[in-house]
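Colleague: First the structure, then my questions, so here it is.
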Amino acid sequence: MTAPRLQPNKLSTHIAKGSPIILDGALATYLETLGTDISGALWSADILLKNASLIQKTHLDYYRAGANVAITASYQASVPGLAKHLGLNEHDAKAIVGKSVELARQAQDEMGEDIRQDLLVAGSVGPYGAFLADGSEYRGDYDVPREEMKDFHRGRIQALVDAGVDALACETMPSKAEVQALLELITDEFPDTEAWFSFTLRDTEHISDGTSLKEIAALFDDVQQVVALGFNCVPDDLALAALRTLKPLIKRGTLVVYPNSGEQWNAQAREWEGKRTEGSTLAEKTLQWWSAGAGMIGGCCRTTPEDIVVMKKALEKVR
């Protein structure tokens, strides 16, 4: 049983301290290295049912590597997605989402009471494009009515909030219209829950659907509960350039960045290609992201606990 929390653990409180916040790394691709099959439509969310202990182990490995924040295995676990692929009703689907939070909390408990109170759990809210499973989370070219989009996201967010996440990670967002729907949803229906938003990119000045970073940043000017903006699941050099574009556009909070490993996904061959960013090169880039304004730094696809160790050690120089 997960031990009770002693006090609320607000992400904004940690940001206000001014020290780097270290996120975890890849969930799905790390699970793959542990011997799981993530080739199904639900990716790591499928493992919540088939082998949940490996998800807990993944969170624990990242905490032990130095991560302050674990991101739940709910990226692909939308209520409509769980209904479509597993035939679950709404109640059971929400229970699966809640389980993703419980597993991260159990990993916290293994870190010990003193350390546990400084660790956070962010509830992953993946984009509608991931549900479509056609790569559109990197294009943002889907046209969904705003109320329908809110309906899609509502059940998962409700389950994450009910399970006690410290913040929502609205991540891999490619579309202005989806961002607007999510903003309306969380401010109207979940006003006490903090969040960060991270985007996929077309280039250094535009998210994937072509909306400029200036236009995106303006959407958040008056949204107090969104405490960080940034990028994930993009090449690391592109992330750095985009951080430098975004930094002067935000009025408060911090920037967040968790790029891919440096390798590139070949969709036709269905394999990763190229050279990983690791070791001293990763340490150097981590310091560059910090210097560009990123107060929250971690890794996305193909990154590992070993990469988080490198980031932590690099950032110790600026604590």
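Following the order of the structure tokens, first chain is A, next is B, and so on, with residues numbered from 1 inside each chain and ligands from 1 in the order they appear.
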At a cut-off of 9 Å, using only C-alpha atoms, what residues contact Asp24 of chain A? Leave out same-chain residues fewer than 5 positions from it and give the result as a list in words.

Modeller: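 Close residues of Asp24 of chain A: His59, Tyr62, Tyr63, Ala65, Gly66, Ala67, Asn68, Val69, Ala70, Ile71, Tyr258, Ile297, Gly298, Gly299, Cys300, Thr303, Thr304, Pro305 and Ile308 of chain A.
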
Colleague: Selected residues, C-alpha atoms, written as a PDB file, in the first residue's frame, please.

Modeller:
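Everything below was put into result-v1.pdb:
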ATOM      1  CA  HIS A  59      10.060   4.657 -12.280  1.00  0.00           C
ATOM      2  CA  TYR A  62      14.802   6.787 -12.885  1.00  0.00           C
ATOM      3  CA  TYR A  63      14.351   8.042  -9.327  1.00  0.00           C
ATOM      4  CA  ALA A  65      19.306   7.831 -11.305  1.00  0.00           C
ATOM      5  CA  GLY A  66      18.471  11.280  -9.944  1.00  0.00           C
ATOM      6  CA  ALA A  67      15.102  12.198 -11.454  1.00  0.00           C
ATOM      7  CA  ASN A  68      12.903  14.448  -9.328  1.00  0.00           C
ATOM      8  CA  VAL A  69       9.818  13.791 -11.460  1.00  0.00           C
ATOM      9  CA  ALA A  70       8.305  10.541 -12.726  1.00  0.00           C
ATOM     10  CA  ILE A  71       5.917  10.842 -15.672  1.00  0.00           C
ATOM     11  CA  TYR A 258      13.083  16.548 -22.720  1.00  0.00           C
ATOM     12  CA  ILE A 297      15.232  18.906 -18.045  1.00  0.00           C
ATOM     13  CA  GLY A 298      14.948  15.210 -18.891  1.00  0.00           C
ATOM     14  CA  GLY A 299      14.800  12.785 -21.791  1.00  0.00           C
ATOM     15  CA  CYS A 300      12.236  11.343 -24.178  1.00  0.00           C
ATOM     16  CA  THR A 303      16.954   7.888 -23.314  1.00  0.00           C
ATOM     17  CA  THR A 304      17.809   5.761 -20.279  1.00  0.00           C
ATOM     18  CA  PRO A 305      18.506   6.059 -16.539  1.00  0.00           C
ATOM     19  CA  ILE A 308      19.568  10.931 -16.399  1.00  0.00           C
TER      20      ILE A 308
END

Colleague: Within 8 Å of segment 237-254 of chain A, counting only C-alpha atoms, which residues qualify if same-chain residues fewer than 3 places away don't, as a PyMOL selection string?

Modeller: chain A and resi 12+15+203-205+213-214+217-218+221+226-232+234+257+259+288-289+292-296

Colleague: To one decimal in Å, tell me the separation between atom CA of Phe131 of chain A and atom CA of Gln76 of chain A.

Modeller: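 Answer for the atom CA of Phe131 of chain A to atom CA of Gln76 of chain A separation: 6.7 Å.
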
Colleague: Please identify the strand (DSSP E) residues within segment 75-311 of chain A (assignment by DSSP from backbone atoms) and present them as an MDAnalysis selection string.

Modeller: chainID A and resid 120:125 167:173 195:199 201:203 206:207 226:232 254:258 264:266 271:273 294:297

Colleague: Rank A:Asp37, A:Glu90, A:Glu110, A:Glu316 by their smallest atom-to-atom distance to Lys57 of chain A, using only C-alpha atoms, and report the top residue only.

Modeller: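 Among the listed residues, the smallest separation from Lys57 of chain A belongs to A:Glu110.
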
Colleague: Can you tell me, as a list in words, what residues are no more than 12 Å from segment 32-36 of chain A when counting only C-alpha atoms, ignoring any on the same chain fewer than 3 positions away?

Modeller: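 In the requested form, the answer reads Ala26, Leu27, Ala28, Thr29, Ser39, Gly40, Trp43, Ser44, Ala45, Asp46, Ile47, Leu48, Lys50, Asn51, Ala52, Ser53, Leu54, Ile55, Lys57, Thr58, Asp61, Cys301, Arg302, Thr303, Thr304 and Pro305 of chain A.
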
Colleague: With DSSP run on the backbone, what are the alpha helix (DSSP H) residues within segment 73-163 of chain A? I'd like them as JSON, numbers by chain.

Modeller: {"A": [79, 80, 81, 82, 83, 84, 85, 86, 90, 91, 92, 93, 94, 95, 96, 97, 98, 99, 100, 101, 102, 103, 104, 105, 106, 107, 108, 109, 110, 113, 114, 115, 116, 128, 129, 130, 131, 132, 146, 147, 148, 149, 150, 151, 152, 153, 154, 155, 156, 157, 158, 159, 160, 161, 162]}

Colleague: Show which residues sit within 6 Å of Ala167 of chain A, as a list of chain:residue names. Count only C-alpha atoms, and ignore same-chain residues fewer than 2 positions away.

Modeller: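 Within the cut-off, the hits are A:Ala122, A:Val165, A:Glu194, A:Ala195.
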
Colleague: Counting only C-alpha atoms, which residue out of A:Arg156, A:Ser198, A:Ile21, A:Leu103 sits closest to Ala77 of chain A?

Modeller: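 Looking only at the distances to Ala77 of chain A, the closest residue turns out to be A:Arg156.
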
Colleague: For a quick check of understanding, using only C-alpha atoms, which of A:Asn89, A:Gln224, A:Thr286, A:Ser100 has the smallest distance to Ala163 of chain A?

Modeller: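 Closest candidate: A:Ser100.
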
Colleague: Could you work out how far atom CA of Ser261 of chain A lies from atom CA of Glu278 of chain A, giving the answer in Å with one decimal?

Modeller: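 Separation of atom CA of Glu278 of chain A and atom CA of Ser261 of chain A: 7.9 Å.
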
Colleague: Can you measure atom CA of Asp166 of chain A to atom CA of Ala93 of chain A for me? One decimal in Å is fine.

Modeller: 20.6 Å

Colleague: Mind checking which residues fall within 12 Å of Thr281 of chain A, counting only C-alpha atoms, ignoring those fewer than 4 positions away in the same chain, and posting them as a list in words?

Modeller: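 Once the nearby chain positions are removed, what remains is Asp236, Asp237, Ser261, Gly262, Lys275, Arg276, Thr277, Lys285, Thr286, Leu287, Gln288, Asp307, Val310, Met311 and Ala314 of chain A.
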
Colleague: Calculated over only C-alpha atoms, which of the candidates A:Glu184, A:Asp143, A:Val125, A:Lys150 has the smallest distance to Trp196 of chain A?

Modeller: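 Looking only at the distances to Trp196 of chain A, the closest residue turns out to be A:Val125.
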